[in-house]
file coords.txt (compact mmCIF, C-alpha atoms)
# COMPACT_ATOMS: atom_id res chain seq x y z
CA MET U 1 4.38 -34.01 13.50
CA GLY U 2 1.66 -31.35 13.48
CA ARG U 3 2.04 -27.70 12.62
CA PRO U 4 3.74 -25.46 15.22
CA PRO U 5 1.28 -23.93 17.65
CA ASN U 6 0.20 -20.31 17.73
CA ARG U 7 2.58 -18.26 19.91
CA SER U 8 -0.01 -16.11 21.63
CA VAL U 9 0.17 -15.65 25.39
CA GLN U 10 -3.13 -17.50 25.81
CA THR U 11 -1.94 -20.50 23.78
CA ARG U 12 1.25 -20.60 25.83
CA LEU U 13 -0.80 -20.61 29.02
CA VAL U 14 -2.94 -23.52 27.80
CA LEU U 15 0.09 -25.49 26.62
CA ALA U 16 1.92 -24.84 29.88
CA ALA U 17 -1.13 -26.03 31.85
CA LEU U 18 -1.44 -29.17 29.75
CA LEU U 19 2.31 -29.78 29.99
CA GLU U 20 2.19 -29.98 33.78
CA GLN U 21 0.62 -33.43 33.58
CA PRO U 22 0.98 -34.43 29.95
CA THR U 23 -0.41 -37.92 30.38
CA GLU U 24 -3.46 -36.86 32.38
CA TRP U 25 -6.78 -36.08 30.72
CA ARG U 26 -7.88 -32.51 31.48
CA HIS U 27 -11.27 -30.82 31.19
CA GLY U 28 -12.32 -27.45 29.82
CA TYR U 29 -13.46 -25.92 33.09
CA ASP U 30 -10.34 -27.02 34.97
CA LEU U 31 -8.12 -25.57 32.26
CA SER U 32 -10.19 -22.38 32.28
CA LYS U 33 -9.71 -22.00 36.04
CA GLN U 34 -6.02 -22.78 35.88
CA THR U 35 -5.24 -20.41 33.04
CA ASP U 36 -7.77 -17.69 33.93
CA LEU U 37 -9.05 -17.87 30.37
CA SER U 38 -12.75 -17.57 29.60
CA SER U 39 -14.46 -20.41 27.76
CA GLY U 40 -14.71 -18.20 24.67
CA THR U 41 -10.93 -17.85 24.59
CA LEU U 42 -10.04 -21.34 25.77
CA TYR U 43 -12.14 -23.43 23.37
CA PRO U 44 -10.94 -21.78 20.13
CA ILE U 45 -7.39 -22.50 21.32
CA LEU U 46 -8.25 -26.12 22.10
CA ILE U 47 -9.97 -26.47 18.71
CA ARG U 48 -6.91 -25.08 16.92
CA LEU U 49 -4.51 -27.28 18.87
CA ALA U 50 -6.63 -30.32 18.04
CA GLU U 51 -6.71 -29.33 14.35
CA GLN U 52 -2.93 -29.05 14.45
CA ARG U 53 -2.81 -32.55 15.96
CA LEU U 54 -1.08 -31.24 19.05
CA LEU U 55 -4.02 -32.12 21.27
CA GLU U 56 -5.76 -35.43 21.77
CA GLU U 57 -9.44 -35.24 22.66
CA GLY U 58 -11.96 -37.75 23.89
CA TRP U 59 -15.14 -38.20 25.88
CA ALA U 60 -14.98 -39.52 29.40
CA PRO U 61 -17.90 -40.58 31.59
CA SER U 62 -18.56 -38.36 34.59
CA GLU U 63 -17.39 -39.46 38.01
CA THR U 64 -20.55 -37.94 39.46
CA ALA U 65 -23.82 -39.70 38.73
CA GLY U 66 -26.34 -37.68 36.72
CA ARG U 67 -23.82 -35.40 35.12
CA PRO U 68 -23.01 -35.49 31.42
CA HIS U 69 -19.89 -36.95 29.84
CA ARG U 70 -16.96 -34.59 29.74
CA HIS U 71 -14.76 -33.73 26.82
CA SER U 72 -11.18 -34.40 27.87
CA TYR U 73 -7.87 -33.24 26.50
CA ARG U 74 -4.22 -34.09 26.70
CA LEU U 75 -1.19 -33.31 24.58
CA THR U 76 -0.10 -35.68 21.84
CA ALA U 77 3.56 -36.60 21.54
CA SER U 78 4.01 -33.77 19.02
CA GLY U 79 2.09 -31.49 21.35
CA VAL U 80 4.41 -32.26 24.25
CA ILE U 81 7.46 -31.50 22.10
CA ALA U 82 5.94 -28.28 20.75
CA ALA U 83 4.79 -27.16 24.20
CA ARG U 84 8.17 -27.87 25.79
CA GLU U 85 9.88 -25.96 23.01
CA LEU U 86 7.53 -23.01 23.38
CA VAL U 87 7.88 -22.88 27.15
CA ARG U 88 11.66 -23.22 26.92
CA GLU U 89 11.83 -20.49 24.30
CA GLU U 90 9.75 -18.17 26.42
CA ARG U 91 11.82 -18.82 29.52
CA ALA U 92 15.03 -18.29 27.60
CA SER U 93 13.98 -15.13 25.83
CA THR U 94 11.92 -13.19 28.34
CA ARG U 95 12.37 -14.82 31.74
CA ARG U 96 8.96 -13.40 32.45
CA LEU U 97 6.75 -16.47 32.59
CA ARG U 98 4.14 -15.87 35.23
CA PRO U 99 4.17 -19.01 37.40
CA SER U 100 1.11 -17.87 39.30
CA ARG U 101 -1.01 -18.19 36.15
CA ALA U 102 0.78 -20.91 34.26
CA THR U 103 1.35 -23.42 37.03
CA ARG U 104 -1.29 -22.62 39.59
CA MET X 11 -31.39 -15.41 46.64
CA THR X 12 -31.97 -19.04 45.74
CA THR X 13 -34.56 -18.05 43.13
CA ARG X 14 -32.18 -15.54 41.59
CA ALA X 15 -29.40 -18.15 41.49
CA THR X 16 -31.71 -20.64 39.81
CA ARG X 17 -32.74 -18.07 37.24
CA THR X 18 -29.11 -17.27 36.58
CA ARG X 19 -28.39 -20.95 36.13
CA ARG X 20 -31.38 -21.37 33.81
CA LEU X 21 -30.23 -18.39 31.79
CA ALA X 22 -26.76 -19.91 31.57
CA ASP X 23 -28.28 -23.23 30.42
CA SER X 24 -30.31 -21.47 27.75
CA LEU X 25 -27.33 -19.47 26.57
CA VAL X 26 -25.04 -22.44 26.26
CA ARG X 27 -27.78 -24.37 24.38
CA TYR X 28 -28.12 -21.37 22.09
CA ALA X 29 -24.35 -21.35 21.59
CA ALA X 30 -24.56 -25.00 20.53
CA THR X 31 -27.12 -24.13 17.85
CA VAL X 32 -24.97 -21.25 16.55
CA MET X 33 -21.76 -23.30 16.37
CA PRO X 34 -21.04 -24.57 12.83
CA GLY X 35 -21.84 -28.24 12.19
CA VAL X 36 -18.19 -29.28 11.78
CA LEU X 37 -17.54 -28.13 15.36
CA GLY X 38 -20.66 -29.81 16.74
CA HIS X 39 -18.81 -31.94 19.28
CA TRP X 40 -16.99 -28.87 20.58
CA ALA X 41 -20.35 -27.20 21.14
CA GLN X 42 -21.41 -30.31 23.04
CA ALA X 43 -18.16 -30.15 25.01
CA MET X 44 -18.86 -26.57 26.14
CA GLN X 45 -22.46 -27.44 26.96
CA ASN X 46 -21.56 -30.56 28.96
CA GLU X 47 -19.00 -28.63 30.98
CA LEU X 48 -21.56 -26.20 32.37
CA PRO X 49 -22.94 -28.51 35.14
CA TYR X 50 -19.41 -28.74 36.52
CA VAL X 51 -19.30 -24.97 37.04
CA THR X 52 -20.69 -24.81 40.56
CA ASP X 53 -21.12 -21.07 40.98
CA ASP X 54 -24.15 -19.70 39.13
CA ARG X 55 -22.62 -16.37 38.21
CA GLU X 56 -19.52 -18.09 36.95
CA ALA X 57 -21.77 -20.45 34.98
CA LEU X 58 -23.43 -17.45 33.37
CA ARG X 59 -20.05 -15.94 32.49
CA TRP X 60 -19.05 -19.30 31.04
CA ALA X 61 -22.22 -19.44 28.94
CA ILE X 62 -21.90 -15.85 27.66
CA SER X 63 -18.33 -16.52 26.66
CA CYS X 64 -19.41 -19.74 24.91
CA ALA X 65 -22.05 -17.82 22.94
CA ARG X 66 -19.47 -15.23 21.90
CA SER X 67 -17.07 -17.95 20.83
CA ALA X 68 -19.82 -19.79 18.92
CA HIS X 69 -20.68 -16.64 16.97
CA ALA X 70 -17.02 -16.06 16.13
CA ALA X 71 -16.68 -19.68 14.96
CA ARG X 72 -19.85 -19.32 12.90
CA LEU X 73 -18.42 -16.26 11.15
CA ARG X 74 -15.08 -17.94 10.56
CA HIS X 75 -16.74 -20.97 8.95
CA LEU X 76 -19.20 -18.98 6.88
CA TYR X 77 -18.55 -19.73 3.21
CA LEU X 78 -21.00 -17.68 1.21
CA LEU X 79 -20.71 -19.81 -1.92
CA ASP X 80 -21.97 -22.87 -0.02
CA ILE X 81 -25.37 -21.15 0.09
CA PRO X 82 -27.20 -22.39 -3.06
CA THR X 83 -28.89 -19.06 -3.86
CA VAL X 84 -25.62 -17.14 -3.50
CA ARG X 85 -23.80 -19.68 -5.65
CA ALA X 86 -26.57 -19.53 -8.27
CA ALA X 87 -26.34 -15.73 -8.29
CA GLY X 88 -22.56 -16.02 -8.70
CA VAL X 89 -22.95 -18.43 -11.63
CA MET X 90 -25.48 -16.12 -13.30
CA LEU X 91 -23.22 -13.12 -12.78
CA ALA X 92 -20.17 -14.85 -14.24
CA ALA X 93 -22.23 -16.20 -17.18
CA PHE X 94 -23.66 -12.74 -17.83
CA CYS X 95 -20.17 -11.22 -17.74
CA ALA X 96 -18.92 -13.89 -20.18
CA PHE X 97 -21.80 -13.11 -22.52
CA GLU X 98 -21.33 -9.35 -22.17
CA ILE X 99 -17.57 -9.37 -22.75
CA MET X 100 -17.73 -11.73 -25.75
CA PHE X 101 -20.79 -10.08 -27.30
CA ALA X 102 -18.85 -7.63 -29.48
CA THR X 103 -16.63 -10.43 -30.80
CA VAL X 104 -19.57 -12.71 -31.60
CA MET X 105 -21.36 -9.89 -33.40
CA THR X 106 -18.22 -8.99 -35.34
CA VAL X 107 -17.67 -12.62 -36.34
CA THR X 108 -21.25 -13.04 -37.55
CA TYR X 109 -20.97 -9.78 -39.48
CA ARG X 110 -17.69 -10.76 -41.11
CA LEU X 111 -19.10 -14.17 -42.00
CA HIS X 112 -22.02 -12.34 -43.64
CA ALA X 113 -24.52 -14.04 -41.31
CA VAL X 114 -26.70 -10.95 -41.50
CA GLY X 115 -29.72 -12.57 -39.90
CA MET X 116 -27.73 -13.50 -36.82
CA THR X 117 -26.08 -10.06 -36.71
CA GLU X 118 -29.52 -8.42 -36.85
CA VAL X 119 -30.74 -10.57 -33.96
CA LEU X 120 -27.69 -9.60 -31.91
CA GLY X 121 -28.23 -5.98 -32.89
CA TRP X 122 -31.68 -6.03 -31.28
CA ILE X 123 -30.11 -6.31 -27.87
CA THR X 124 -27.73 -3.39 -28.38
CA PRO X 125 -28.59 0.19 -27.45
CA GLY X 126 -30.51 1.54 -30.44
CA ASP X 127 -31.65 -1.94 -31.57
CA ASP X 128 -29.66 -1.74 -34.81
CA TYR X 129 -26.35 -3.44 -35.54
CA ARG X 130 -25.62 -1.20 -38.56
CA ARG X 131 -24.42 1.72 -36.48
CA PHE X 132 -21.67 -0.56 -35.15
CA ILE X 133 -20.30 -1.39 -38.60
CA PRO X 134 -17.50 1.22 -38.44
CA LEU X 135 -16.57 -0.07 -35.00
CA MET X 136 -16.58 -3.72 -36.09
CA ALA X 137 -14.25 -2.75 -38.91
CA ALA X 138 -11.99 -0.73 -36.61
CA ILE X 139 -11.46 -3.13 -33.68
CA PRO X 140 -8.34 -5.21 -34.37
CA GLY X 141 -8.24 -8.97 -34.07
CA TRP X 142 -5.89 -9.03 -31.08
CA LEU X 143 -8.36 -6.97 -29.06
CA HIS X 144 -11.05 -9.52 -29.86
CA GLY X 145 -8.58 -12.14 -28.69
CA LEU X 146 -8.35 -10.38 -25.31
CA LEU X 147 -12.15 -10.14 -25.10
CA VAL X 148 -12.49 -13.86 -25.82
CA ALA X 149 -9.80 -14.65 -23.24
CA ALA X 150 -11.70 -12.63 -20.62
CA GLY X 151 -14.93 -14.41 -21.58
CA ALA X 152 -13.19 -17.78 -21.36
CA CYS X 153 -11.99 -16.90 -17.85
CA TYR X 154 -15.55 -16.11 -16.84
CA LEU X 155 -16.71 -19.44 -18.31
CA VAL X 156 -14.01 -21.28 -16.33
CA ALA X 157 -15.28 -19.45 -13.23
CA VAL X 158 -18.83 -20.62 -14.05
CA PHE X 159 -17.51 -24.19 -14.32
CA CYS X 160 -15.69 -23.86 -10.96
CA LEU X 161 -18.74 -22.41 -9.24
CA LEU X 162 -21.07 -25.07 -10.64
CA GLY X 163 -18.68 -27.82 -9.56
CA ARG X 164 -18.31 -26.16 -6.12
CA ARG X 165 -14.59 -25.88 -6.76
CA ARG X 166 -12.91 -23.29 -4.58
CA GLY X 167 -10.43 -22.11 -7.23
CA ALA X 168 -12.94 -19.79 -8.91
CA CYS X 169 -11.16 -16.69 -7.63
CA VAL X 170 -8.22 -17.05 -10.06
CA PRO X 171 -10.23 -17.03 -13.32
CA LEU X 172 -12.48 -14.32 -11.92
CA LEU X 173 -9.54 -12.05 -11.11
CA LEU X 174 -7.99 -12.76 -14.50
CA ALA X 175 -11.30 -11.99 -16.18
CA VAL X 176 -11.69 -8.68 -14.35
CA GLY X 177 -8.09 -7.74 -15.16
CA LEU X 178 -8.56 -8.58 -18.86
CA THR X 179 -11.89 -6.71 -18.90
CA LEU X 180 -10.26 -3.57 -17.50
CA ALA X 181 -7.36 -3.90 -19.94
CA THR X 182 -9.63 -4.28 -22.97
CA ARG X 183 -11.81 -1.38 -21.81
CA MET X 184 -8.73 0.85 -21.80
CA LEU X 185 -7.22 -0.51 -25.01
CA GLU X 186 -10.44 -0.31 -27.04
CA ARG X 187 -11.09 3.33 -26.14
CA PRO X 188 -8.89 4.86 -28.93
CA PHE X 189 -10.50 2.58 -31.54
CA ILE X 190 -14.02 3.52 -30.40
CA ASP X 191 -13.14 7.21 -30.44
CA ALA X 192 -11.57 6.89 -33.89
CA ALA X 193 -14.65 5.10 -35.22
CA GLY X 194 -16.85 7.87 -33.81
CA VAL X 195 -19.43 5.45 -32.47
CA VAL X 196 -21.22 6.05 -29.19
CA VAL X 197 -21.72 2.50 -27.92
CA ALA X 198 -23.97 3.28 -24.95
CA PRO X 199 -24.61 6.90 -24.01
CA ASN X 200 -24.59 7.39 -20.21
CA PRO X 201 -24.58 3.75 -19.15
CA PRO X 202 -25.96 3.22 -15.63
CA LEU X 203 -23.50 2.56 -12.82
CA LEU X 204 -24.80 -1.01 -12.54
CA ILE X 205 -23.84 -1.84 -16.13
CA ALA X 206 -20.69 0.28 -16.35
CA VAL X 207 -18.99 -0.54 -13.03
CA LEU X 208 -20.89 -2.84 -10.69
CA MET X 209 -21.63 -5.77 -13.00
CA PRO X 210 -18.32 -6.00 -14.88
CA ILE X 211 -15.92 -5.05 -12.06
CA VAL X 212 -17.26 -4.72 -8.51
CA PHE X 213 -19.54 -7.77 -8.34
CA PRO X 214 -17.00 -10.15 -9.96
CA LEU X 215 -14.36 -8.87 -7.52
CA LEU X 216 -16.71 -9.54 -4.60
CA LEU X 217 -17.39 -12.99 -6.01
CA ALA X 218 -13.65 -13.61 -6.35
CA PHE X 219 -13.16 -12.52 -2.74
CA ALA X 220 -15.89 -14.92 -1.56
CA ALA X 221 -14.27 -17.78 -3.50
CA TRP X 222 -10.81 -16.85 -2.18
CA SER X 223 -11.98 -16.74 1.44
CA GLY X 224 -13.38 -20.26 1.09
CA SER X 225 -10.25 -21.68 -0.50
CA ARG X 226 -8.07 -19.97 2.13
CA ARG X 227 -10.13 -21.50 4.92
CA GLU X 228 -9.78 -24.94 3.33
CA LEU X 229 -6.01 -24.49 3.35
CA VAL X 230 -6.03 -23.40 6.98
CA HIS X 231 -8.09 -26.42 8.02
CA ALA X 232 -6.21 -28.90 5.83
call {"tool": "encode", "arguments": {"input": "coords.txt", "output": "structure tokens"}}
result
Amino acid sequence: MGRPPNRSVQTRLVLAALLEQPTEWRHGYDLSKQTDLSSGTLYPILIRLAEQRLLEEGWAPSETAGRPHRHSYRLTASGVIAARELVREERASTRRLRPSRATR
Amino acid sequence: MTTRATRTRRLADSLVRYAATVMPGVLGHWAQAMQNELPYVTDDREALRWAISCARSAHAARLRHLYLLDIPTVRAAGVMLAAFCAFEIMFATVMTVTYRLHAVGMTEVLGWITPGDDYRRFIPLMAAIPGWLHGLLVAAGACYLVAVFCLLGRRRGACVPLLLAVGLTLATRMLERPFIDAAGVVVAPNPPLLIAVLMPIVFPLLLAFAAWSGSRRELVHA
């Protein structure tokens, strides 16, 4: 199992977004829109999660002709466990998870 | 309107390409990931915001991955500094040993590079400095030599011997003071700041910090 993830609000938002459909591959822009995080905030988090082996990454061909391949992400098994734990902890301790941002 | 949008998009393209060049090599595929995502951002202004944010992130990543001692000239300067400090700290011991072994020729040669160009004025000092203090000086010099070895071998553990060396240097400087005063020898009248503080203390500490930051980053990314 990888190292526990950072507990920042932004990391929680990314993990919560990825946890919605843990088996689906997600893309940077989609995650950015869903979490309201800029690319400059989102990518360092994705890089760190991948380094901690909580995030699986891969290249996927575009569904639209003429567009470049997209880098895709989904949680690893350890990532799912860590994300669930983090989300559960947050819900239990603060009860202030913003569903409009985390699950939109 | 269309022209402005196209310009905005072109600017965003340029910025995200620039971000890819700034991103450190180990994160190359992440730079590509950010770049490839841009065509999927349909709104031009949003694309520009995306690109600006990518550039900011790339600069931050560049700074985080900057390891000064990976730059050959910086590493060479570090090696020379540590070697010079080793020579400087062990000089008094070497001169004392040659003097006590009656190797006068060698002592004279060493005396040429002392202030005043004459070893004879140091004779009272060489007689006064106890052996244990020379032991500390040699230990400090050995630490500097270990640091030289670490830096040459691109080992990241150079900070430990450097810190030890600086600590021992400071300790010997304090401990030798009463012996120098008792001997009544002025070793170097009004030494410049570079020789008295920067070279033996400040620069080695900066070098140790550079080595420490590299080893810390390796741990973080392990």
call {"tool": "closest_residue", "arguments": {"input": "coords.txt", "among": "X:Leu91, X:Met209, X:Ala61, X:Ala71", "to": "Val36 (chain X)", "atoms": "all atoms listed in the file"}}
result
X:Ala71
call {"tool": "closest_residue", "arguments": {"input": "coords.txt", "among": "U:Leu75, U:Leu19, U:Leu37, U:Ile81", "to": "chain X", "atoms": "all atoms listed in the file"}}
result
U:Leu37
call {"tool": "atom_distance", "arguments": {"input": "coords.txt", "atom1": "CA of Leu55 (chain U)", "atom2": "CA of Thr76 (chain U)"}}
result
5.3 Å
call {"tool": "interface_residues", "arguments": {"input": "coords.txt", "of": "chain U", "to": "chain X", "cutoff": "12 Å", "atoms": "only C-alpha atoms", "output": "ChimeraX atom specification"}}
result
/U:2-3,26-33,36-53,57-73
call {"tool": "closest_residue", "arguments": {"input": "coords.txt", "among": "X:Arg74, X:Pro34, X:Leu143, X:Glu98", "to": "Leu185 (chain X)", "atoms": "only C-alpha atoms"}}
result
X:Leu143
call {"tool": "build_atoms", "arguments": {"input": "coords.txt", "residues": "region 79-90 of chain U", "atoms": "all heavy atoms", "output": "PDB file, in the coordinates of the input"}}
result
ATOM      1  N   GLY U  79       2.510 -32.612  20.520  1.00  0.00           N
ATOM      2  CA  GLY U  79       2.090 -31.490  21.350  1.00  0.00           C
ATOM      3  C   GLY U  79       3.032 -31.270  22.517  1.00  0.00           C
ATOM      4  O   GLY U  79       3.352 -30.115  22.857  1.00  0.00           O
ATOM      5  N   VAL U  80       3.478 -32.373  23.114  1.00  0.00           N
ATOM      6  CA  VAL U  80       4.410 -32.260  24.250  1.00  0.00           C
ATOM      7  C   VAL U  80       5.708 -31.605  23.779  1.00  0.00           C
ATOM      8  O   VAL U  80       6.223 -30.681  24.427  1.00  0.00           O
ATOM      9  CB  VAL U  80       4.686 -33.660  24.862  1.00  0.00           C
ATOM     10  CG1 VAL U  80       5.815 -33.586  25.867  1.00  0.00           C
ATOM     11  CG2 VAL U  80       3.425 -34.207  25.511  1.00  0.00           C
ATOM     12  N   ILE U  81       6.202 -32.068  22.628  1.00  0.00           N
ATOM     13  CA  ILE U  81       7.460 -31.500  22.100  1.00  0.00           C
ATOM     14  C   ILE U  81       7.282 -30.010  21.820  1.00  0.00           C
ATOM     15  O   ILE U  81       8.107 -29.178  22.236  1.00  0.00           O
ATOM     16  CB  ILE U  81       7.889 -32.247  20.816  1.00  0.00           C
ATOM     17  CG1 ILE U  81       8.238 -33.703  21.155  1.00  0.00           C
ATOM     18  CG2 ILE U  81       9.079 -31.562  20.145  1.00  0.00           C
ATOM     19  CD1 ILE U  81       8.398 -34.614  19.969  1.00  0.00           C
ATOM     20  N   ALA U  82       6.177 -29.684  21.120  1.00  0.00           N
ATOM     21  CA  ALA U  82       5.940 -28.280  20.750  1.00  0.00           C
ATOM     22  C   ALA U  82       5.764 -27.411  21.989  1.00  0.00           C
ATOM     23  O   ALA U  82       6.293 -26.296  22.065  1.00  0.00           O
ATOM     24  CB  ALA U  82       4.701 -28.196  19.860  1.00  0.00           C
ATOM     25  N   ALA U  83       5.037 -27.937  22.978  1.00  0.00           N
ATOM     26  CA  ALA U  83       4.790 -27.160  24.200  1.00  0.00           C
ATOM     27  C   ALA U  83       6.084 -26.945  24.963  1.00  0.00           C
ATOM     28  O   ALA U  83       6.349 -25.834  25.441  1.00  0.00           O
ATOM     29  CB  ALA U  83       3.773 -27.886  25.072  1.00  0.00           C
ATOM     30  N   ARG U  84       6.889 -28.000  25.068  1.00  0.00           N
ATOM     31  CA  ARG U  84       8.170 -27.870  25.790  1.00  0.00           C
ATOM     32  C   ARG U  84       9.054 -26.823  25.102  1.00  0.00           C
ATOM     33  O   ARG U  84       9.681 -25.995  25.765  1.00  0.00           O
ATOM     34  CB  ARG U  84       8.895 -29.220  25.820  1.00  0.00           C
ATOM     35  CG  ARG U  84       8.369 -30.099  26.935  1.00  0.00           C
ATOM     36  CD  ARG U  84       9.203 -31.345  27.099  1.00  0.00           C
ATOM     37  NE  ARG U  84       8.585 -32.192  28.107  1.00  0.00           N
ATOM     38  CZ  ARG U  84       8.550 -33.517  28.055  1.00  0.00           C
ATOM     39  NH1 ARG U  84       9.090 -34.148  27.036  1.00  0.00           N
ATOM     40  NH2 ARG U  84       7.987 -34.216  29.020  1.00  0.00           N
ATOM     41  N   GLU U  85       9.055 -26.901  23.778  1.00  0.00           N
ATOM     42  CA  GLU U  85       9.880 -25.960  23.010  1.00  0.00           C
ATOM     43  C   GLU U  85       9.415 -24.533  23.247  1.00  0.00           C
ATOM     44  O   GLU U  85      10.232 -23.635  23.479  1.00  0.00           O
ATOM     45  CB  GLU U  85       9.752 -26.314  21.524  1.00  0.00           C
ATOM     46  CG  GLU U  85      10.897 -25.781  20.685  1.00  0.00           C
ATOM     47  CD  GLU U  85      10.804 -26.303  19.255  1.00  0.00           C
ATOM     48  OE1 GLU U  85      10.586 -27.526  19.084  1.00  0.00           O
ATOM     49  OE2 GLU U  85      10.903 -25.488  18.353  1.00  0.00           O
ATOM     50  N   LEU U  86       8.099 -24.360  23.218  1.00  0.00           N
ATOM     51  CA  LEU U  86       7.530 -23.010  23.380  1.00  0.00           C
ATOM     52  C   LEU U  86       7.819 -22.467  24.773  1.00  0.00           C
ATOM     53  O   LEU U  86       8.207 -21.306  24.943  1.00  0.00           O
ATOM     54  CB  LEU U  86       6.022 -23.084  23.136  1.00  0.00           C
ATOM     55  CG  LEU U  86       5.364 -21.867  22.526  1.00  0.00           C
ATOM     56  CD1 LEU U  86       5.984 -21.542  21.178  1.00  0.00           C
ATOM     57  CD2 LEU U  86       3.873 -22.107  22.361  1.00  0.00           C
ATOM     58  N   VAL U  87       7.640 -23.312  25.765  1.00  0.00           N
ATOM     59  CA  VAL U  87       7.880 -22.880  27.150  1.00  0.00           C
ATOM     60  C   VAL U  87       9.363 -22.562  27.355  1.00  0.00           C
ATOM     61  O   VAL U  87       9.721 -21.554  27.963  1.00  0.00           O
ATOM     62  CB  VAL U  87       7.391 -23.963  28.144  1.00  0.00           C
ATOM     63  CG1 VAL U  87       7.852 -23.663  29.558  1.00  0.00           C
ATOM     64  CG2 VAL U  87       5.872 -24.072  28.101  1.00  0.00           C
ATOM     65  N   ARG U  88      10.218 -23.436  26.783  1.00  0.00           N
ATOM     66  CA  ARG U  88      11.660 -23.220  26.920  1.00  0.00           C
ATOM     67  C   ARG U  88      12.076 -21.912  26.236  1.00  0.00           C
ATOM     68  O   ARG U  88      12.831 -21.125  26.794  1.00  0.00           O
ATOM     69  CB  ARG U  88      12.429 -24.406  26.306  1.00  0.00           C
ATOM     70  CG  ARG U  88      13.890 -24.468  26.746  1.00  0.00           C
ATOM     71  CD  ARG U  88      14.596 -25.745  26.324  1.00  0.00           C
ATOM     72  NE  ARG U  88      14.333 -26.140  24.963  1.00  0.00           N
ATOM     73  CZ  ARG U  88      13.794 -27.304  24.610  1.00  0.00           C
ATOM     74  NH1 ARG U  88      13.420 -28.182  25.518  1.00  0.00           N
ATOM     75  NH2 ARG U  88      13.596 -27.609  23.339  1.00  0.00           N
ATOM     76  N   GLU U  89      11.540 -21.719  25.045  1.00  0.00           N
ATOM     77  CA  GLU U  89      11.830 -20.490  24.300  1.00  0.00           C
ATOM     78  C   GLU U  89      11.441 -19.263  25.104  1.00  0.00           C
ATOM     79  O   GLU U  89      12.206 -18.306  25.214  1.00  0.00           O
ATOM     80  CB  GLU U  89      11.000 -20.460  23.008  1.00  0.00           C
ATOM     81  CG  GLU U  89      11.750 -20.858  21.775  1.00  0.00           C
ATOM     82  CD  GLU U  89      10.834 -20.816  20.556  1.00  0.00           C
ATOM     83  OE1 GLU U  89       9.956 -19.938  20.481  1.00  0.00           O
ATOM     84  OE2 GLU U  89      10.987 -21.700  19.714  1.00  0.00           O
ATOM     85  N   GLU U  90      10.248 -19.331  25.672  1.00  0.00           N
ATOM     86  CA  GLU U  90       9.750 -18.170  26.420  1.00  0.00           C
ATOM     87  C   GLU U  90      10.636 -17.906  27.634  1.00  0.00           C
ATOM     88  O   GLU U  90      10.994 -16.764  27.918  1.00  0.00           O
ATOM     89  CB  GLU U  90       8.313 -18.398  26.865  1.00  0.00           C
ATOM     90  CG  GLU U  90       7.827 -17.283  27.744  1.00  0.00           C
ATOM     91  CD  GLU U  90       6.364 -17.005  27.590  1.00  0.00           C
ATOM     92  OE1 GLU U  90       5.806 -17.307  26.537  1.00  0.00           O
ATOM     93  OE2 GLU U  90       5.784 -16.490  28.551  1.00  0.00           O
TER      94      GLU U  90
END
